[in-house]
Every structure is written in structure tokens, then in C-alpha cells.
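Student: Structure in C-alpha cells, see below.
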Amino acid sequence: DPQGRFSIDPQFGIIRSKTQLDHETQSAVALTIQSQLGNSPVYSSTQVNISVVDVNDNPPVFLTKSDKVTISRTQPPGTAVYIAHAEDKDSGLNGAIKYSIANRPSNAFSIDPSLGVVNLTRTLFADKQQEYTLHIVAEDSGSPPLTSLLILTAINLTARRLDSLAAKIVILDVNDNSPSFTSLPLSYIMEDVEVGFLVHHIIAKDPDEGRNGQVTYHILSGNENKSFVLDKITGLLTTAQLLDREIQEHYSLTVMALDGGSPALSATQVLTIILLDVNDETPMFLNQFYEAAVRENQDPGEFVIKVEAVDRDAGLNSLLHYEILPASGYEKFRINSDSGELVTTASLDREIQEVFTIKGSPSRSSTAQLYLMVLDENDHSPSFAKTQYQISVREDLEEGSAILDLFASDEDDGLNGEVMYSLIDDTFGAFAINSLTGSIVTTKALDRETKSQYTFRAVASDCSTHLPRSTTVRVVVHIDDVNDNDPVFLQNPIRAFVPAETTVNETVVTVRAEDVDLGPNGAVFFSLMVVETVFQIDVKTGDIILQEPLVAKNFSTQLLVTASDQGISPRTATAVVIIFTEEQEEEILFSRSLYEASVPENSAAGGH
């Protein structure tokens with residue numbers, strides 16, 4: 001800090017500014033801070049990178065406050081009559097200038113908001129006005145924006161008297177001056193800046209007038225990987241992609257400033273961009289996994305292993321510090337924070353701690369795992385996730401279907417930690433368990449109407465050759481209903497004696513049917529297979545109701561009644577209801593007293 005712009009609290013390390021900072025003078029500052037303990041001759045140092053953020057404290061500035069231009073009556077619309085140019089020392093949007101005409105004395109002029117070019121929008125042949133005064137405003141894009149004003153007087157030659165004679169000597173500019181860079185050829189930026197960050201404001205001056213003095217900027221070399229973008233009009237150089245100091249520490253861009261003359265003149269400058277390091281690299285162990293064997297009951301100080309890591313950052317950001325992550329049993333080890341050598345501080349026990357993690361520097365870290373092998377004893381029983389398992393299955397499951405996968409874990413190692421499964425209690429031959437996987441499967445067809453629930457115990461045993469250990473868990477299997485039973489009429493056929501004088505809407509007989517299934521599968525609704533006008537049946541109760549008076553005393557009829565359950569695929573049954581008057585009784589007789597038939601074995605279901 002040769003300019004003495006900063007101070008630091010010697011006790012607390014707080015850095016403060018002593019003078020007002022100016023982004024336009026210096027946008028980045030790199031301070032080296034030293035710390036010392038007491039009067040000790042040993043000290044350490046670190047680098048603090050300070051970026052001075054731009055604020056909109058500079059308004060655009062025109063090279064002149066007022067100017068004049070003459071216009072010929074023959075100039076067509078679209079002719080450029082003047083180029084307004086202002087400069088702003090700020091960066092980014094704070095230095096991006098937009099041009100506008102504040103007053104509108106005539107609709108004959110317009111201005112390009114980016115380039116400041118004043119154009120004719122129509123001819124001035126018919127105008128009698130001799131002069132036009134334009135107030136041209138240059139406004140930056142900061143918040144709040146700052147402005148500057150240029151008064152331009154446009155003289156219309158058409159409005160002069162025809163009998164007058166004006167002599168005018170104009171000294172035409174020739175492109176005899178090359179652009180000259182005024183911006184510094186060196187820039188510092190942090191390596192973690194975002195895409196679009198303003199790196200440098202390249203400025204070149206050309207004393208020529210008009211196009212001869214208009215400068216555009218171009219990158220000739222050094223940007224082969226397209227890391228930067230240069231605005232050829234404003235000279236603002238921004239990042240086009242993320243940068244990484246560990247891949248490339250600096251860039252040398254050859255920049256050309258080119259005027260608009262014919263022939264054009266140019267100047268070049270080598271701009272050096274230096275990336276300042278940030279602690280963005282994580283230390284990396286040379287091995288992600290370390291294995292070591294240490295005898296138990298050894299004296300403290302037993303060497304275990306040496307671990308090593310590297311960090312691609314620079315300076316203090318690359319210095320590493322090793323330590324053990326706090327965990328159960330970590331106090332039994334000690335690691336040299338500088339060399340990475342790990343030794344014991346006590347005897348080891350595998351059941352207390354098996355895996356240890358080595359940690360990198362406090363700000364950015366990397367971990368590696370160290371496995372210490374200790375002989376195991378069978379001191380853990382298998383453990384199920386639950387003390388009881390309940391499951392519901394459909395009764396139409398096929399034999400051999402898996403209904404539940406049991407899993408028991410055992411913290412022991414080898415055969416002491418391998419688990420075998422078995423069932424105890426009577427499952428009525430319905431279930432079995434795979435001894436290796438713990439998968440419980442059906443061993444026969446299930447029938448909820450026969451047995452709706454099974455309760456039994458499963459055992460998980462380890463495979464220890466000496467005093468094996470086991471755990472028992474209770475399993476409850478609920479059998480869910482499916483629609484596998486037809487409704488059954490309590491009586492079929494049904495005979496009903498109806499007096500001839502029975503009144504309309506009177507119940508003459510009630511049919512009953514049952515379905516052993518549950519829920520909608522067992523809910524029975526009734527209907528007549530053939531539409532009747534004389535009788536109607538109640539779909540829920542099965543009541544058959546007279547709808548019309550009986551026309552004869554010897555009336556008789558047969559009704560086919562259907563009973564349907566409410567399952568997704570309804571099942572039905574049919575009954576015959578014989579209705580006749582008291583004067584006439586009908587009998588139902590089989591045509592034979594004995595029927596015989598032969599059916600081949602393995603006949604398909606539903607065969608006639």
C-alpha cells in the first residue's frame with residue numbers, strides 16, 4: 001500500500017480505508033498482511049485482494065458545450081449531418097452512454113441513441129427557418145443516471161436570400177493522426193469473477209475529426225479460447241466465460257485501436273491481465289482410501305500410516321493442515337498436522353471404532369478413509385427393522401407368490417454377521433420362507449372365506465459356529481377378499497300362492513340370496529331377467545310387488561330372478577319364482593327320476 005490508502009487494527013486485524021477510493025484510478029488492490037505473536041521473530045503473512053466497486057460518480061462529458069453545422073437543401077433524408085460524442089469515466093452500465101434530443105424544434109432531425117449520429121428525417125427545401133437549435137443529451141445507464149448537454153445549431157442554407165453571395169472556406173481534415181492509447185496496459189482481476197464482469201476499459205484518442213477520429217477496438221491475438229469479449233465501440237472488455245488461475249495465471253491480449261479514415265490508421269497495445277488467486281481449490285489426497293492393520297493392545301505411539309494431500313492454490317491458500325474428524329473413538333489417534341503421520345494414543349477395539357476420516361485445511365477440506373481391521377467376536381444378535389410386520393394380501397394370489405421380504409441386519413463380521421431365516425408356529429401349510437433372502441411366499445391357494453388371518457413368528461439366526469444368536473419377529477397376514485363366490489338363493493325354486501283379489505302394490509313374495517364375499521363383493525341386488533308389467537322386484541330387498549290386478553282366477557306365471565353382487569366383475573345366480581292363484585296349484589316335476597353322465601378327468605372348467 002505505497003499510497004497509504006488503508007490502515008489495519010494491530011490487535012483485531014480490521015482493515016479500514018484512510019482516503020476516498022476511486023474505481024477509475026485503481027479498480028483492484030492487493031495487500032500483503034503480516035501477523036506476529038508478541039515479540040517473536042517468527043511471523044506469517046497472507047494476501048488480501050480488494051476490488052473497488054464502481055459507482056456512478058462521473059457524468060458523461062461532451063468535448064464541447066456547443067457546436068454548429070451547415071445543411072444543404074439538396075441533402076436527402078437519412079443524411080448524417082453531425083456526430084455527437086461524449087465520454088464517461090465510469091465502468092459497465094455506469095459508463096454506457098445513450099444519446100437523445102431533448103427539444104423538438106422540428107421533425108427534421110433524429111439521433112441514433114447508441115452512436116450519437118444526427119440524421120435528417122426529411123429535406124429542408126421548403127423550410128423558411130434559417131437555424132435549428134438542438135439540445136442533445138448524453139445520459140449514462142447508472143442508477144440514478146447522470147447527464148450532459150450539448151447545444152447544436154443547424155444552419156439551413158436554403159433559407160438564405162437568393163441574391164446574396166456567401167463565401168465559405170472549409171479546411172477539410174485528412175487522416176494524419178493515428179489513435180493513441182490512454183488506458184493502462186495492465187489489469188488485475190480475481191479468478192472467480194462471474195461471466196460479464198468488467199475487466200478493463202480500453203481508451204484510445206484520435207485528434208482527427210469525423211470518421212477520421214472515430215476509434216473502434218479489436219483483439220488481434222491472445223484470446224484464442226474466447227475468454228473475453230471487447231465492445232468495439234465503447235472499449236469495454238468483459239469476461240465471456242469463467243476463469244481459473246490454476247489453468248492460466250495471466251493473459252496477454254494484443255489490442256488494436258482503429259480509426260475510420262481511408263486509409264485507416266491504427267495503434268496496438270499489449271494488455272496484460274493477471275488473475276489473482278482465491279481459495280477455490282480443494283485439497284486432494286493422493287489416495288481416497290487408505291488401509292492399515294494395527295495389532296490391538298499395542299502401546300500408545302504405534303505408527304499407523306502416513307497420508308499426503310496436495311492443493312493447487314497459491315501462497316497461504318495451498319498450505320495444508322491435517323486433523324482427524326471428531327467422532328467416537330477419535331481420541332485414540334493423533335496425526336501430525338504438518339506431515340500427516342498417524343499414530344495411536346491408546347489400544348484399539350474394532351467394536352468401538354472401525355472407520356476414521358482424515359480432514360484437510362479448515363477453509364477448504366478433503367477427506368480420506370482409513371480402515372483398521374480388528375478380529376470380530378459374535379456379540380450382536382440379528383436385528384429386524386420392526387418388532388411386528390402386518391401385511392394384507394389378496395386371496396386369489398397364485399401359489400408361490402412373494403408376500404413379504406424380511407430383512408435382519410447383524411453388525412458382526414463374517415459368519416457372525418450372516419443371517420439365515422426360518423418360520424416357527426403353524427402356518428396351516430400356507431406359507432414358507434426363503435432361508436437366504438427372507439422372502440415369505442405362499443405354498444397353497446388362499447381362501448378368505450376359510451381363514452381370513454394368519455399369525456406366526458419368523459426367526460433370524462446368524463451363522464456363527466460358536467454360540468449362534470437369533471431374534472424372533474411376529475408376522476400377521478390379513479387375507480383380503482376378492483369376488484370369487486356367486487350369490488346363493490336360500491330357496492330355489494320359490495312357489496308363491498297369490499289370491500286373485502290381491503291389491504296392486506302389495507308384496508306377493510320375497511326372494512332371499514346370500515354372498516359370503518365382503519363389501520361390494522357380497523352386496524346382492526335383485527332383478528327380473530324378463531321385463532314384467534304385472535310384477536316388479538325391489539332391487540335391494542327382493543320383494544316381488546304386484547303392479548296390475550290379476551285378470552283371471554286361474555292365473556299363473558314363472559319369473560326368472562337374477563341375484564348379482566357388486567364386485568368389479570359381478571357374479572350372478574338365477575332362481576325361478578312360480579306364482580299362481582289359490583284355485584290352481586302347480587307342481588314342478590323332473591322328467592326323469594335318475595340322471596347319469598360321464599365326465600373325462602382334466603376337463604376344462606365350464607365344459608358341457
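Ordered as shown in the C-alpha cells, chains take letters A, B, and onward, while each chain numbers its residues from 1 and ligands are numbered from 1 in the order shown.
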Near Pro76 in chain A, counting only C-alpha atoms, which residues have an atom at most 10 Å away, once you skip same-chain residues fewer than 2 positions from it, shown as a CSV table (one decimal) with C-alpha atoms, in the first residue's frame?
Tutor:
chain,number,residue,atom,x,y,z
A,72,SER,CA,-27.7,21.9,-47.8
A,73,ARG,CA,-31.2,22.0,-49.2
A,74,THR,CA,-30.2,19.1,-51.5
A,78,GLY,CA,-31.1,9.8,-43.9
A,79,THR,CA,-28.0,12.0,-44.4
A,80,ALA,CA,-25.8,12.1,-41.3
A,119,ASN,CA,-29.6,12.3,-39.3
A,120,LEU,CA,-32.0,14.2,-41.5
A,121,THR,CA,-35.5,12.7,-41.5
A,122,ARG,CA,-36.7,14.9,-44.4
A,123,THR,CA,-35.4,17.5,-46.9
A,124,LEU,CA,-35.3,21.2,-45.8
A,125,PHE,CA,-36.0,22.6,-49.3
Student: What are the closest atom pairs, with distances in Å to one decimal, for all residues of range 174-224 of chain A lying within 9 Å of range 274-295 of chain A? Consider only C-alpha atoms, order rows by chain and residue number, and present the result as JSON lines.
Tutor:
{"residue": "A:Leu186", "atom": "CA", "partner": "A:Ile274", "partner_atom": "CA", "distance": 7.8}
{"residue": "A:Ser187", "atom": "CA", "partner": "A:Ile274", "partner_atom": "CA", "distance": 6.3}
{"residue": "A:Tyr188", "atom": "CA", "partner": "A:Ile274", "partner_atom": "CA", "distance": 5.0}
{"residue": "A:Ile189", "atom": "CA", "partner": "A:Leu275", "partner_atom": "CA", "distance": 5.3}
{"residue": "A:Met190", "atom": "CA", "partner": "A:Leu276", "partner_atom": "CA", "distance": 4.7}
{"residue": "A:Glu191", "atom": "CA", "partner": "A:Leu275", "partner_atom": "CA", "distance": 5.2}
{"residue": "A:Asp192", "atom": "CA", "partner": "A:Val278", "partner_atom": "CA", "distance": 7.1}
Student: Since we have the selection now, will you write its residues out, keeping C-alpha atoms, as a PDB file, in the first residue's frame?
Tutor:
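Written out: out.pdb:
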ATOM      1  CA  LEU A 186      -2.185  -3.808 -17.004  1.00  0.00           C
ATOM      2  CA  SER A 187      -5.289  -5.094 -15.186  1.00  0.00           C
ATOM      3  CA  TYR A 188      -5.808  -7.270 -12.093  1.00  0.00           C
ATOM      4  CA  ILE A 189      -8.989  -9.330 -11.506  1.00  0.00           C
ATOM      5  CA  MET A 190      -9.986 -12.096  -9.122  1.00  0.00           C
ATOM      6  CA  GLU A 191     -10.134 -15.530 -10.733  1.00  0.00           C
ATOM      7  CA  ASP A 192     -13.714 -16.198  -9.504  1.00  0.00           C
TER       8      ASP A 192
END
Student: Which neighbours of Val53 in chain A fall inside 9 Å, counting only C-alpha atoms, when residues of the same chain fewer than 3 positions from it are skipped, and could you give them as a list in words?
Tutor: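 With the cut-off at 9 Å, the set is Asp22, His23, Ser27 and Ala28 of chain A.
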Student: Please return, as a PyMOL selection string, all residues of range 290-520 of chain A that DSSP assigns to strand (DSSP E or B) on the basis of the backbone.
Tutor: chain A and resi 290-292+303-306+309-310+323-324+333-335+341-344+355-359+367-372+383-384+388-394+402-405+408-409+419-424+431-433+439-442+453-462+470-480+488-489+494-497+507-510+513-514
Student: So that I can see what lies close to Glu139 in chain A, please list as a list in words the residues with an atom at most 6 Å from it, counting only C-alpha atoms and leaving out residues fewer than 6 positions away in the same chain.
Tutor: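 Here the qualifying residues turn out to be Ile97, Lys98, Leu146 and Thr147 of chain A.
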Student: Can those selected residues be exported to a file as an mmCIF file, in the first residue's frame so that it contains N, CA and C atoms?
Tutor:
data_model
loop_
_atom_site.group_PDB
_atom_site.id
_atom_site.type_symbol
_atom_site.label_atom_id
_atom_site.label_comp_id
_atom_site.auth_asym_id
_atom_site.auth_seq_id
_atom_site.Cartn_x
_atom_site.Cartn_y
_atom_site.Cartn_z
ATOM 1 N N ILE A 97 -23.311 5.069 -22.598
ATOM 2 C CA ILE A 97 -23.957 6.354 -22.902
ATOM 3 C C ILE A 97 -25.067 6.145 -23.939
ATOM 4 N N LYS A 98 -26.198 6.825 -23.695
ATOM 5 C CA LYS A 98 -27.313 6.878 -24.648
ATOM 6 C C LYS A 98 -27.543 8.351 -25.025
ATOM 7 N N LEU A 146 -26.731 9.908 -14.860
ATOM 8 C CA LEU A 146 -26.168 11.254 -14.924
ATOM 9 C C LEU A 146 -26.181 11.698 -16.388
ATOM 10 N N THR A 147 -26.325 13.014 -16.617
ATOM 11 C CA THR A 147 -26.494 13.526 -17.982
ATOM 12 C C THR A 147 -25.555 14.683 -18.258
#
